[in-house]
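Since the structure comes first, as structure tokens, the remarks are kept for the end.
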Amino acid sequence: MVGQGSGWRKGALVAAALGLLPGLAAADPVKLGYVEFPPYTQTEGGQPKGSLIEAFGKVAAEEGIAFTAESVPARRLFQGLADGEFHVFLGIRTVKELEGTTIASANPIGRIELNAYGIGSAPTVTRKEDLAGTAVIVLSGYSYAGWRVWMDDPANKVTVVEARTPDQALNLLQAGRAPVLLQYSLPMAQALAGKPVPDLKAAPVSAIDIFVVVSRKAPGAEALLAKLEAGFARRAK
């Protein structure tokens with residue numbers, strides 16, 4: 001997942017200011033880093049939004065944890081977790097840059113599904129190699145868990161057609177710009193709710209598990225992870 005930085009929300013995004021942790025504004029806040037990945041993590045009107053951030057806020061409130069949130073590009077986020085600038089990240093735990101510098105929840109707190117979409121018939125895509133020699137519509141800024149790097153390799157002969165939004169991606173698919181649209185299920189479902197596309201077919205490609213990832217340099221890292229794990233486990237029941 002790749003996002004655009006929006007700068008540090010100094011003090012403004014302490015969880016108490018969001019109405020999530022009343023009375024805890026004076027506590028040293030946990031620093032949550034996130035990338036722009038709507039509708040899971042995003043910034044709207046200068047405020048952190050999205051389903052994952054909302055879930056984290058509820059868990060933090062239950063556990064008495066104050067936090068701030070900052071949107072930054074993925075590369076800076078991973079480096080910030082390694083050196084302790086950021087304390088928590090909600091995402092994949094297998095990123096190479098996080099090896100040895102973070103600890104993660106034993107169980108996932110959520111799952112993000114990646115689908116391939118086509119008009120008339122569902123694309124036969126179960127691995128990235130199935131896209132070789134094909135034109136594919138993608139959203140700008142998304143890494144698709146490493147698929148975008150593979151698609152950008154000239155050796156694989158993929159014609160990448162970029163879209164800025166799910167709505168635009170659907171328009172390109174309907175216009176025949178490419179036979180395949182690669183996208184996550186939730187943002188696509190939201191786009192389709194406002195504009196159904198006749199004869200649209202989808203095929204599951206992969207599922208990405210989301211974990212609580214904590215920097216080893218976070219104050220009380222193991223205790224913090226344990227509290228967050230317990231909170232998310234309660235919400236899953």
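A note on labels: chains of the structure tokens are A, B, ... as shown, every chain counts residues from 1, and ligands are counted from 1 in their shown order.
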query = Could you pull the residues within 9 Å of A:Thr165, counting only C-alpha atoms, minus those fewer than 2 positions along the same chain, as a list in words?
reply =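 Contacts, with the query itself left out: Leu139, Ser140, Ala163, Asp167, Gln168, Ala169, Leu170 and Ala191 of chain A.
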query = When DSSP works through the backbone of this structure, what residues of stretch 20-188 of chain A end up as strand (DSSP E or B), shown as a ChimeraX atom specification?
reply = /A:30-34,37,41-44,47-49,67-71,88-91,102-104,110-119,135-139,159-163,180-184
Keeping only N, CA and C atoms, write the selected residues as a short mmCIF file (atom, residue, chain, number, x, y, z; two decimals), in the first residue's frame.
```cif
data_model
loop_
_atom_site.label_atom_id
_atom_site.label_comp_id
_atom_site.auth_asym_id
_atom_site.auth_seq_id
_atom_site.Cartn_x
_atom_site.Cartn_y
_atom_site.Cartn_z
N VAL A 30 0.30 7.60 21.62
CA VAL A 30 0.89 6.64 20.71
C VAL A 30 0.81 7.24 19.31
N LYS A 31 1.87 7.10 18.54
CA LYS A 31 1.91 7.68 17.20
C LYS A 31 1.56 6.61 16.16
N LEU A 32 0.38 6.76 15.58
CA LEU A 32 -0.10 5.85 14.54
C LEU A 32 0.25 6.43 13.18
N GLY A 33 0.96 5.66 12.37
CA GLY A 33 1.28 6.08 11.02
C GLY A 33 0.40 5.33 10.03
N TYR A 34 -0.05 6.03 8.99
CA TYR A 34 -0.87 5.37 7.98
C TYR A 34 -0.60 5.95 6.60
N PHE A 37 -5.08 5.14 1.82
CA PHE A 37 -5.58 3.90 1.24
C PHE A 37 -7.08 3.80 1.49
N THR A 41 -7.80 3.59 5.24
CA THR A 41 -7.09 4.67 5.94
C THR A 41 -6.97 5.84 4.98
N GLN A 42 -7.40 7.01 5.43
CA GLN A 42 -7.37 8.17 4.55
C GLN A 42 -7.49 9.43 5.37
N THR A 43 -7.30 10.58 4.71
CA THR A 43 -7.41 11.88 5.36
C THR A 43 -8.51 12.67 4.68
N GLU A 44 -9.44 13.18 5.48
CA GLU A 44 -10.54 13.99 4.95
C GLU A 44 -10.64 15.26 5.79
N GLN A 47 -8.40 15.42 8.77
CA GLN A 47 -8.63 14.46 9.85
C GLN A 47 -8.45 13.04 9.35
N PRO A 48 -7.92 12.15 10.21
CA PRO A 48 -7.78 10.75 9.81
C PRO A 48 -9.14 10.06 9.78
N LYS A 49 -9.40 9.34 8.71
CA LYS A 49 -10.66 8.63 8.55
C LYS A 49 -10.38 7.23 8.02
N PHE A 67 -3.82 8.67 21.22
CA PHE A 67 -2.96 8.52 20.04
C PHE A 67 -3.09 9.72 19.11
N THR A 68 -2.05 9.91 18.32
CA THR A 68 -2.07 10.85 17.21
C THR A 68 -1.94 10.03 15.95
N ALA A 69 -2.31 10.63 14.81
CA ALA A 69 -2.23 9.91 13.55
C ALA A 69 -1.63 10.80 12.47
N GLU A 70 -0.78 10.22 11.66
CA GLU A 70 -0.15 10.97 10.58
C GLU A 70 -0.16 10.17 9.30
N SER A 71 -0.52 10.82 8.22
CA SER A 71 -0.48 10.20 6.90
C SER A 71 0.86 10.50 6.24
N VAL A 88 2.91 2.64 15.77
CA VAL A 88 1.96 1.62 15.34
C VAL A 88 1.61 1.81 13.86
N PHE A 89 1.40 0.69 13.19
CA PHE A 89 0.96 0.66 11.80
C PHE A 89 -0.05 -0.48 11.67
N LEU A 90 -1.12 -0.24 10.94
CA LEU A 90 -2.11 -1.28 10.67
C LEU A 90 -1.96 -1.70 9.22
N GLY A 91 -1.38 -2.88 9.01
CA GLY A 91 -1.13 -3.31 7.63
C GLY A 91 -0.46 -4.66 7.57
N THR A 102 10.21 -4.49 14.21
CA THR A 102 8.83 -4.40 14.69
C THR A 102 8.37 -5.73 15.26
N ILE A 103 7.28 -5.68 16.00
CA ILE A 103 6.58 -6.88 16.43
C ILE A 103 5.14 -6.75 15.95
N ALA A 104 4.48 -7.87 15.74
CA ALA A 104 3.14 -7.82 15.16
C ALA A 104 2.19 -8.76 15.88
N GLY A 110 -8.03 -7.95 10.28
CA GLY A 110 -8.90 -7.74 9.14
C GLY A 110 -8.29 -8.33 7.89
N ARG A 111 -9.04 -8.28 6.82
CA ARG A 111 -8.57 -8.83 5.54
C ARG A 111 -9.06 -7.93 4.41
N ILE A 112 -8.17 -7.68 3.48
CA ILE A 112 -8.48 -6.87 2.30
C ILE A 112 -8.42 -7.77 1.08
N GLU A 113 -9.52 -7.81 0.32
CA GLU A 113 -9.60 -8.71 -0.83
C GLU A 113 -9.30 -7.95 -2.12
N LEU A 114 -8.47 -8.56 -2.94
CA LEU A 114 -8.11 -8.00 -4.25
C LEU A 114 -8.82 -8.81 -5.34
N ASN A 115 -9.53 -8.10 -6.22
CA ASN A 115 -10.26 -8.76 -7.29
C ASN A 115 -9.80 -8.28 -8.66
N ALA A 116 -10.04 -9.11 -9.66
CA ALA A 116 -9.88 -8.73 -11.06
C ALA A 116 -11.28 -8.59 -11.64
N TYR A 117 -11.53 -7.48 -12.32
CA TYR A 117 -12.85 -7.19 -12.87
C TYR A 117 -12.79 -7.16 -14.40
N GLY A 118 -13.87 -7.60 -15.03
CA GLY A 118 -13.99 -7.56 -16.48
C GLY A 118 -15.44 -7.37 -16.88
N ILE A 119 -15.66 -6.98 -18.12
CA ILE A 119 -17.01 -6.81 -18.65
C ILE A 119 -17.39 -8.05 -19.45
N ALA A 135 -3.32 -5.65 -21.08
CA ALA A 135 -3.55 -4.29 -20.60
C ALA A 135 -4.37 -4.36 -19.31
N VAL A 136 -3.94 -3.62 -18.30
CA VAL A 136 -4.58 -3.69 -16.99
C VAL A 136 -4.83 -2.28 -16.46
N ILE A 137 -6.03 -2.05 -15.97
CA ILE A 137 -6.37 -0.77 -15.35
C ILE A 137 -6.09 -0.86 -13.86
N VAL A 138 -5.35 0.11 -13.33
CA VAL A 138 -5.03 0.15 -11.90
C VAL A 138 -5.23 1.56 -11.39
N LEU A 139 -5.29 1.72 -10.08
CA LEU A 139 -5.37 3.05 -9.48
C LEU A 139 -3.96 3.57 -9.18
N THR A 159 0.61 -3.62 -20.23
CA THR A 159 0.27 -2.23 -20.50
C THR A 159 -0.57 -1.71 -19.34
N VAL A 160 0.01 -0.83 -18.54
CA VAL A 160 -0.66 -0.32 -17.35
C VAL A 160 -1.45 0.94 -17.71
N VAL A 161 -2.73 0.92 -17.43
CA VAL A 161 -3.61 2.07 -17.66
C VAL A 161 -4.00 2.61 -16.28
N GLU A 162 -3.56 3.81 -15.94
CA GLU A 162 -3.79 4.35 -14.61
C GLU A 162 -5.08 5.16 -14.53
N ALA A 163 -5.74 5.03 -13.38
CA ALA A 163 -6.93 5.82 -13.07
C ALA A 163 -6.72 6.50 -11.73
N VAL A 180 -8.99 -5.84 -18.24
CA VAL A 180 -8.91 -6.20 -16.82
C VAL A 180 -8.75 -4.95 -15.97
N LEU A 181 -9.50 -4.90 -14.89
CA LEU A 181 -9.36 -3.87 -13.87
C LEU A 181 -8.98 -4.56 -12.57
N LEU A 182 -7.87 -4.15 -11.99
CA LEU A 182 -7.40 -4.74 -10.74
C LEU A 182 -7.72 -3.78 -9.61
N GLN A 183 -8.48 -4.24 -8.60
CA GLN A 183 -8.86 -3.33 -7.53
C GLN A 183 -9.32 -4.11 -6.30
N TYR A 184 -9.22 -3.42 -5.14
CA TYR A 184 -9.69 -4.00 -3.89
C TYR A 184 -11.21 -3.96 -3.83
#
```
key: Nearest to A:Pro29, chosen from A:Ile65, A:Asp130, A:Gly57, A:Ala74, with only C-alpha atoms counted in the distances   = A:Ile65
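Shell of stretch 121-123 of chain A at 8 Å, with only C-alpha atoms counted and residues fewer than 5 places along the chain excluded, is Ala116, Pro179, Val180, Asp199, Leu200, Lys201, Ala202 and Ala203 of chain A.
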request  = Select, from A:Glu85, A:Leu224, A:Gly176, A:Gly45, the residue with the minimum atom-to-atom distance to A:Ala66, counting only C-alpha atoms.
outcome  = A:Leu224
inquiry  = Please compute the atom CA of A:Glu63-atom CA of A:Val214 distance, one decimal, in Å.
reply    = 15.8 Å
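Closest approach to A:Gly84 among A:Ile210, A:Ala221, A:Leu131, A:Val35 is made by A:Ala221 (distances from only C-alpha atoms).
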task = Excluding stretch 94-100 of chain A and any residue of its chain fewer than 5 positions from it, enumerate the residues within 8 Å of it, using only C-alpha atoms, and give them as an NGL selection string.
result = :A and (78-79 or 81-82)
task = Would you mind listing what lies within 9 Å of A:Leu228 as an MDAnalysis selection string, with only C-alpha atoms counted and same-chain residues fewer than 4 positions away left out?
result = chainID A and resid 56 59:60 63 105 212 223:224 232:233
Residue subset to file, keeping C-alpha atoms, as a compact mmCIF listing (two decimals), in the first residue's frame:
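Below you can see selection-v9.txt, which holds the result:
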```txt
# COMPACT_ATOMS: atom_id res chain seq x y z
CA PHE A 56 -8.25 1.47 16.05
CA VAL A 59 -9.95 -0.13 20.63
CA ALA A 60 -7.73 2.69 21.88
CA GLU A 63 -7.84 0.39 26.39
CA SER A 105 -0.12 -9.30 16.37
CA VAL A 212 -1.24 -4.58 14.26
CA ALA A 223 2.70 -4.19 26.52
CA LEU A 224 1.24 -1.85 23.91
CA PHE A 232 -9.19 -6.18 18.65
CA ALA A 233 -9.85 -9.75 19.86
```
request  = Write out as a PyMOL selection string all residues of stretch 77-195 of chain A that backbone DSSP assigns to helix (DSSP H, G or I).
outcome  = chain A and resi 77-83+96-98+128-131+144-152+154-156+166-174+185-194
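The gap separating atom CA of A:Val213 from atom CA of A:His87 is 8.3 Å, in Å to one decimal.
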key: Given only C-alpha atoms as the counted atoms, nearest of A:Trp147, A:Tyr40, A:Asp153, A:Ser215 to A:Leu52   =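 Looking only at the distances to A:Leu52, the closest residue turns out to be A:Tyr40.
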